[in-house]
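Next comes data31.cif, a file with mmCIF, C-alpha atoms and all ligand atoms.
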data_start
#
loop_
_atom_site.label_atom_id
_atom_site.label_comp_id
_atom_site.auth_asym_id
_atom_site.auth_seq_id
_atom_site.Cartn_x
_atom_site.Cartn_y
_atom_site.Cartn_z
CA MET A 1445 -15.64 -16.97 -7.94
CA ASN A 1446 -12.23 -15.32 -7.86
CA LYS A 1447 -10.07 -15.65 -4.80
CA LEU A 1448 -8.73 -12.43 -3.29
CA LYS A 1449 -5.35 -13.15 -1.75
CA HIS A 1450 -3.51 -9.90 -2.44
CA LEU A 1451 -5.27 -6.54 -2.37
CA ALA A 1452 -3.39 -3.34 -3.21
CA ILE A 1453 -4.67 0.20 -2.74
CA ILE A 1454 -3.53 3.60 -4.03
CA MET A 1455 -4.86 5.77 -1.21
CA ASP A 1456 -5.46 9.06 -3.00
CA GLY A 1457 -7.51 12.19 -2.35
CA ASN A 1458 -6.50 13.30 1.15
CA GLY A 1459 -5.63 16.82 0.00
CA ARG A 1460 -8.88 17.33 -1.92
CA TRP A 1461 -10.91 16.00 1.01
CA ALA A 1462 -9.38 18.64 3.27
CA LYS A 1463 -9.69 21.41 0.69
CA GLN A 1464 -13.42 20.70 0.25
CA ARG A 1465 -13.83 21.39 3.97
CA GLY A 1466 -11.65 24.50 4.00
CA LEU A 1467 -9.03 22.64 6.03
CA ASN A 1468 -5.29 22.30 5.68
CA ARG A 1469 -4.16 19.31 3.57
CA THR A 1470 -2.58 17.81 6.68
CA LYS A 1471 -6.07 17.22 8.14
CA GLY A 1472 -6.82 15.01 5.16
CA HIS A 1473 -3.72 12.94 5.85
CA GLU A 1474 -4.69 12.57 9.51
CA ARG A 1475 -8.12 11.36 8.60
CA GLY A 1476 -6.56 9.09 5.96
CA ALA A 1477 -4.48 7.37 8.64
CA GLU A 1478 -7.67 6.43 10.48
CA VAL A 1479 -9.03 4.85 7.32
CA VAL A 1480 -5.81 2.82 7.06
CA ARG A 1481 -6.59 1.38 10.49
CA GLU A 1482 -10.19 0.55 9.55
CA ILE A 1483 -9.32 -1.08 6.22
CA THR A 1484 -6.41 -3.06 7.66
CA THR A 1485 -8.60 -4.41 10.46
CA TYR A 1486 -11.28 -5.36 7.96
CA CYS A 1487 -8.77 -7.19 5.75
CA ALA A 1488 -7.21 -9.01 8.72
CA ASN A 1489 -10.61 -10.43 9.56
CA TYR A 1490 -11.43 -11.35 5.95
CA GLU A 1491 -10.06 -14.84 5.89
CA GLU A 1492 -9.08 -15.09 2.23
CA ILE A 1493 -6.96 -11.92 2.15
CA GLU A 1494 -3.33 -12.69 2.95
CA THR A 1495 -1.64 -9.47 1.84
CA LEU A 1496 -2.70 -5.82 1.81
CA THR A 1497 -0.30 -3.43 0.09
CA LEU A 1498 -0.90 0.28 0.66
CA TYR A 1499 0.73 3.15 -1.25
CA ALA A 1500 1.62 5.76 1.36
CA PHE A 1501 4.55 7.74 -0.09
CA SER A 1502 5.94 7.59 -3.62
CA THR A 1503 9.42 8.36 -4.90
CA GLU A 1504 7.76 11.35 -6.60
CA ASN A 1505 6.08 12.69 -3.43
CA TRP A 1506 9.34 14.39 -2.36
CA LYS A 1507 8.35 17.10 -4.87
CA ARG A 1508 5.70 18.34 -2.42
CA PRO A 1509 6.29 21.36 -0.16
CA LYS A 1510 8.75 20.57 2.61
CA MET A 1511 6.16 21.26 5.27
CA GLU A 1512 3.80 18.61 3.87
CA VAL A 1513 6.60 16.05 3.46
CA ASN A 1514 7.71 16.64 7.05
CA PHE A 1515 4.16 16.30 8.30
CA LEU A 1516 3.71 12.99 6.47
CA MET A 1517 6.93 11.63 7.98
CA LYS A 1518 5.86 12.61 11.51
CA LEU A 1519 2.36 11.21 11.00
CA LEU A 1520 3.80 7.92 9.80
CA GLU A 1521 6.19 7.67 12.73
CA ARG A 1522 3.37 8.42 15.16
CA TYR A 1523 1.09 5.85 13.49
CA LEU A 1524 3.70 3.08 13.63
CA LYS A 1525 4.39 3.78 17.30
CA ASN A 1526 0.76 4.14 18.42
CA GLU A 1527 -0.85 1.29 16.52
CA LEU A 1528 1.10 -1.66 17.91
CA GLU A 1529 -1.97 -2.82 19.80
CA THR A 1530 -4.10 -2.83 16.64
CA TYR A 1531 -1.44 -4.89 14.85
CA MET A 1532 -1.26 -7.39 17.70
CA GLU A 1533 -5.00 -7.65 18.34
CA ASN A 1534 -5.71 -8.33 14.68
CA GLU A 1535 -2.59 -10.48 14.15
CA VAL A 1536 -1.21 -8.25 11.41
CA ARG A 1537 2.41 -8.49 10.31
CA PHE A 1538 3.93 -5.19 9.19
CA GLU A 1539 6.25 -5.01 6.17
CA THR A 1540 7.45 -2.28 3.82
CA ILE A 1541 8.50 -1.88 0.22
CA GLY A 1542 10.53 1.04 -1.09
CA ASP A 1543 13.91 2.54 -0.36
CA LEU A 1544 13.99 3.45 3.32
CA SER A 1545 17.50 4.92 3.24
CA PRO A 1546 16.52 8.63 3.07
CA PHE A 1547 14.28 8.48 6.16
CA SER A 1548 15.24 9.88 9.56
CA ASN A 1549 16.75 7.57 12.14
CA GLY A 1550 13.64 7.90 14.31
CA LEU A 1551 11.36 6.77 11.51
CA LYS A 1552 13.72 3.96 10.50
CA ARG A 1553 13.74 2.76 14.10
CA ALA A 1554 9.93 2.84 14.35
CA ILE A 1555 9.70 0.80 11.13
CA LYS A 1556 12.24 -1.74 12.35
CA ASN A 1557 10.63 -2.07 15.78
CA LEU A 1558 7.16 -2.66 14.39
CA LYS A 1559 8.44 -5.24 11.88
CA GLU A 1560 10.22 -7.06 14.68
CA ALA A 1561 7.25 -6.92 17.08
CA THR A 1562 4.75 -8.19 14.51
CA LYS A 1563 6.84 -10.73 12.61
CA ASN A 1564 4.97 -13.79 13.90
CA ASN A 1565 1.47 -12.44 13.25
CA LYS A 1566 -0.33 -14.66 10.79
CA LYS A 1567 -3.73 -13.28 9.81
CA LEU A 1568 -2.59 -10.58 7.38
CA THR A 1569 0.62 -9.10 6.02
CA GLN A 1570 0.23 -5.37 5.64
CA ILE A 1571 2.87 -3.94 3.31
CA ILE A 1572 3.22 -0.17 3.34
CA ALA A 1573 4.94 1.34 0.31
CA LEU A 1574 7.30 4.05 1.55
CA ASN A 1575 9.50 6.09 -0.75
CA TYR A 1576 8.32 3.53 -3.22
CA GLY A 1577 8.43 3.67 -7.01
CA ALA A 1578 7.95 0.54 -9.08
CA GLN A 1579 10.59 1.59 -11.59
CA ASP A 1580 13.06 2.14 -8.75
CA GLU A 1581 12.16 -1.25 -7.25
CA ILE A 1582 12.67 -3.05 -10.57
CA VAL A 1583 16.02 -1.34 -11.17
CA ARG A 1584 17.20 -2.28 -7.68
CA ALA A 1585 16.00 -5.86 -8.20
CA VAL A 1586 17.87 -6.21 -11.51
CA LYS A 1587 21.03 -4.86 -9.85
CA ARG A 1588 20.69 -7.48 -7.09
CA VAL A 1589 20.32 -10.28 -9.63
CA LEU A 1590 23.44 -9.10 -11.48
CA GLN A 1591 25.43 -8.77 -8.24
CA GLU A 1592 24.62 -12.39 -7.44
CA ASN A 1593 25.72 -13.44 -10.94
CA LYS A 1594 22.33 -14.93 -11.66
CA GLU A 1595 20.67 -15.08 -15.01
CA ILE A 1596 18.11 -12.35 -15.76
CA SER A 1597 14.70 -14.00 -15.86
CA VAL A 1598 11.14 -13.35 -14.73
CA GLU A 1599 11.77 -15.63 -11.75
CA SER A 1600 15.10 -14.11 -10.69
CA ILE A 1601 13.76 -10.54 -10.91
CA SER A 1602 10.54 -11.53 -9.12
CA SER A 1603 12.42 -12.98 -6.21
CA ALA A 1604 14.78 -9.97 -5.95
CA LEU A 1605 11.97 -7.43 -5.52
CA ASP A 1606 11.61 -5.65 -2.16
CA THR A 1607 9.30 -8.37 -0.89
CA PRO A 1608 9.34 -11.68 -2.72
CA TYR A 1609 6.94 -11.46 -5.63
CA SER A 1610 3.29 -11.79 -4.87
CA GLU A 1611 0.88 -11.18 -7.72
CA VAL A 1612 -1.81 -8.58 -6.94
CA ASP A 1613 -5.36 -9.84 -7.49
CA LEU A 1614 -7.15 -6.53 -7.12
CA LEU A 1615 -5.84 -2.96 -7.31
CA ILE A 1616 -8.08 -0.16 -6.07
CA ARG A 1617 -7.44 3.56 -6.56
CA THR A 1618 -9.55 6.11 -4.76
CA SER A 1619 -10.25 9.76 -5.70
CA GLY A 1620 -11.30 9.34 -9.31
CA GLU A 1621 -7.86 9.36 -10.92
CA PHE A 1622 -7.32 6.71 -13.58
CA ARG A 1623 -3.60 6.08 -13.31
CA VAL A 1624 -1.08 3.87 -11.58
CA SER A 1625 1.47 6.55 -10.56
CA ASN A 1626 4.47 4.20 -10.49
CA PHE A 1627 2.91 1.68 -8.06
CA LEU A 1628 3.66 -2.07 -8.31
CA LEU A 1629 4.17 -2.25 -12.09
CA TRP A 1630 5.65 -5.74 -12.03
CA GLN A 1631 3.12 -7.22 -9.59
CA ILE A 1632 0.01 -5.92 -11.40
CA ALA A 1633 0.64 -7.68 -14.71
CA TYR A 1634 -2.69 -9.54 -14.42
CA SER A 1635 -4.47 -7.62 -11.68
CA GLU A 1636 -8.07 -6.53 -11.84
CA PHE A 1637 -8.45 -2.75 -11.43
CA TYR A 1638 -11.15 -0.82 -9.64
CA PHE A 1639 -11.33 2.98 -9.66
CA THR A 1640 -13.67 4.74 -7.24
CA LYS A 1641 -14.43 8.46 -7.02
CA THR A 1642 -14.51 8.28 -3.22
CA LEU A 1643 -11.69 10.30 -1.64
CA TRP A 1644 -9.50 8.16 0.64
CA PRO A 1645 -10.63 9.81 3.93
CA ASP A 1646 -14.24 8.91 3.00
CA PHE A 1647 -13.42 5.33 2.05
CA ASN A 1648 -14.63 2.61 4.39
CA SER A 1649 -15.07 -1.13 4.80
CA ALA A 1650 -18.67 -1.05 3.49
CA GLU A 1651 -17.42 0.28 0.15
CA LEU A 1652 -14.54 -2.18 0.14
CA GLU A 1653 -16.99 -5.02 0.65
CA LYS A 1654 -18.97 -3.91 -2.44
CA ILE A 1655 -15.78 -3.65 -4.50
CA ILE A 1656 -14.73 -7.14 -3.44
CA ASP A 1657 -18.15 -8.50 -4.49
CA ASN A 1658 -17.67 -6.88 -7.89
CA PHE A 1659 -14.17 -8.41 -8.18
CA LYS A 1660 -15.44 -11.86 -7.17
CA ASN A 1661 -17.79 -11.97 -10.12
CA ARG A 1662 -15.37 -10.88 -12.81
CA GLU A 1663 -14.03 -13.28 -15.38
CA ARG A 1664 -10.23 -13.53 -15.16
CA LYS A 1665 -8.64 -15.15 -18.17
CA PHE A 1666 -4.85 -14.79 -17.81
CA GLY A 1667 -4.47 -14.99 -21.57
CA GLY A 1668 -6.56 -18.12 -21.93
CA ILE A 1669 -10.04 -18.36 -23.40
C1 LIG B 1701 -2.78 10.75 -1.08
O1 LIG B 1701 -3.51 11.93 -1.05
C2 LIG B 1701 -1.75 10.69 0.01
C3 LIG B 1701 -0.36 10.83 -0.46
C4 LIG B 1701 0.03 10.86 -1.70
C5 LIG B 1701 0.65 10.95 0.57
P1 LIG B 1701 -3.00 13.23 -1.77
O2 LIG B 1701 -2.18 14.02 -0.81
O3 LIG B 1701 -2.33 12.91 -3.06
O4 LIG B 1701 -4.37 13.98 -2.04
P2 LIG B 1701 -4.77 14.80 -3.33
O5 LIG B 1701 -4.56 13.90 -4.52
O6 LIG B 1701 -3.90 16.01 -3.37
O7 LIG B 1701 -6.22 15.12 -3.12
C1 LIG B 1702 0.04 8.35 -5.59
O1 LIG B 1702 -0.70 9.49 -5.38
C2 LIG B 1702 0.95 8.10 -4.43
C3 LIG B 1702 0.29 7.73 -3.19
C4 LIG B 1702 -0.99 7.50 -3.02
C5 LIG B 1702 1.18 7.58 -2.08
P1 LIG B 1702 -0.26 10.91 -5.95
O2 LIG B 1702 -1.32 11.86 -5.56
O3 LIG B 1702 1.12 11.21 -5.53
O4 LIG B 1702 -0.26 10.62 -7.52
P2 LIG B 1702 -0.39 11.61 -8.76
O5 LIG B 1702 0.70 12.63 -8.63
O6 LIG B 1702 -1.75 12.24 -8.68
O7 LIG B 1702 -0.25 10.74 -9.97
MG MG B 1703 -2.99 12.68 -4.95
#
Mind turning the file's structure into structure tokens?
Amino acid sequence: MNKLKHLAIIMDGNGRWAKQRGLNRTKGHERGAEVVREITTYCANYEEIETLTLYAFSTENWKRPKMEVNFLMKLLERYLKNELETYMENEVRFETIGDLSPFSNGLKRAIKNLKEATKNNKKLTQIIALNYGAQDEIVRAVKRVLQENKEISVESISSALDTPYSEVDLLIRTSGEFRVSNFLLWQIAYSEFYFTKTLWPDFNSAELEKIIDNFKNRERKFGGI
């Protein structure tokens, strides 16, 4: 049976979930944040899972209407401030990947405070991808390697990524889209993929459990026979 140490999720479909109900897209994002809490708690209490990486805002998502972008930033700031107890109760360490430099000072502070407050938590590392694009991450990593006068190699690039390289075992995308949308290109070289039609606000731990069972029984070959 395969071991699931690193799970990554492209949380997609918030807008469509809201639209189906005649609601504003922002309602889908609000509901999506609650699913983040449920899935993170589930993963923290699933012993084998060490890392959960969640795609929350891509380098391409700035193309959205300003009102939606602003709403997402506020929602994120509120989530990071209000969920401290959930992080502590479930012993979850908070980390990010992506270029945080364009964010507001308030959001940057909330990110920094939560990282600091949760840094000794050991059950799960939750990595939220914020203003994240894998191509951007790889370019920044290569620049770091060159600045340090190191040789370009798989190892040197891996260790210069936003968080030290950790291979993804299973990548899930919700909402029925079959694409990667610039998420974790380097780290998914040998990942197993699972695409579900479920929209992110309807996703839950019961479905995750079924997906993990499916993953457990797959044959992973890593180029061997
Ligand atoms: C994913 O849901 C959340 C973010 C990208 C922030 P979407 O907002 O992309 O929802 P759809 O794809 O429009 O339904
Ligand atoms: C990917 O979803 C980004 C996140 C889930 C944060 P998008 O909805 O932005 O991706 P595309 O545009 O459909 O590929
Ligand atoms: Mg989408």
Residues near Lys1594 (chain A), cut-off 12 Å, only C-alpha atoms, skip fewer than 6 positions along chain, as a PyMOL selection string: chain A and resi 1585-1588+1600-1601+1603-1604
- prompt: In Å, how far is it from atom O3 of ligand LIG 1701 (chain B) to CA of Lys1463 (chain A)?
  reply: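 Atom O3 of ligand LIG 1701 (chain B) sits 11.9 Å away from CA of Lys1463 (chain A).
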Which residue of A:Trp1506, A:Leu1614, A:Asn1489, A:Ala1561 approaches Pro1546 (chain A) most closely, using only C-alpha atoms: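 Using only C-alpha atoms, Pro1546 (chain A) sits closest to A:Trp1506.
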- prompt: Separation of CA of Leu1520 (chain A) and CA of Ser1619 (chain A), in Å?
  reply: 21.0 Å
- line: In terms of all atoms listed in the file, the residue from A:Tyr1638, A:Phe1515, A:Phe1622, A:Tyr1486 at minimal distance from ligand MG 1703 (chain B) is A:Phe1622
message: Give me the residues near Asn1626 (chain A) as a list in words, where near means some atom within 10 Å (using all atoms listed in the file) and where sequence neighbours in that chain fewer than 3 positions away do not count.
response: Ser1502, Thr1503, Glu1504, Tyr1576, Gly1577, Ala1578, Gln1579, Asp1580, Glu1581, Arg1623 and Leu1629 of chain A
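Considering the residues A:Phe1666, A:Trp1644, A:Tyr1523, A:Tyr1490 and counting all atoms listed in the file, ligand MG 1703 (chain B) has its shortest atom-to-atom contact with A:Trp1644.
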task: Give as an MDAnalysis selection string every residue, naming chains and numbers as the document does, that has an atom within 6 Å of (1.5, -2.5, 7.0), counting only C-alpha atoms.
output: chainID A and resid 1538:1539 1570:1572
- prompt: When distances are computed from all atoms listed in the file, which of A:Asn1648, A:Ala1554, A:Ile1493, A:Thr1569 shows the smallest separation from Asn1446 (chain A)?
  reply: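 Smallest distance to Asn1446 (chain A) is found for A:Ile1493.
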Around ligand MG 1703 (chain B), out to 9 Å and counting all atoms listed in the file, which residues are there? I want them as a CSV table (one decimal) with C-alpha atoms, keeping the file's coordinate frame.
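Produced file part_3.csv, reproduced below:
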chain,number,residue,atom,x,y,z
A,1455,MET,CA,-4.9,5.8,-1.2
A,1456,ASP,CA,-5.5,9.1,-3.0
A,1457,GLY,CA,-7.5,12.2,-2.4
A,1458,ASN,CA,-6.5,13.3,1.2
A,1459,GLY,CA,-5.6,16.8,0.0
A,1460,ARG,CA,-8.9,17.3,-1.9
A,1619,SER,CA,-10.2,9.8,-5.7
A,1621,GLU,CA,-7.9,9.4,-10.9
task: Give the answer as one residue: which of A:Gln1631, A:Thr1497, A:Thr1484, A:Asn1593 has the shortest atom-to-atom distance to Glu1527 (chain A), using all atoms listed in the file?
output: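 Ranked by minimum distance to Glu1527 (chain A), first place goes to A:Thr1484.
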task: Quote the spacing between CA of Ser1610 (chain A) and CA of Glu1494 (chain A) in Å to one decimal place.
output: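 These two atoms are separated by 10.3 Å.
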message: Which residues are close to Leu1528 (chain A), i.e. within 9 Å by only C-alpha atoms, leaving aside same-chain residues fewer than 3 positions away? Reply as a list of chain:residue names.
response: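 Returned residues: A:Tyr1523, A:Leu1524, A:Lys1525, A:Tyr1531, A:Met1532, A:Glu1533, A:Leu1558, A:Ala1561, A:Thr1562.
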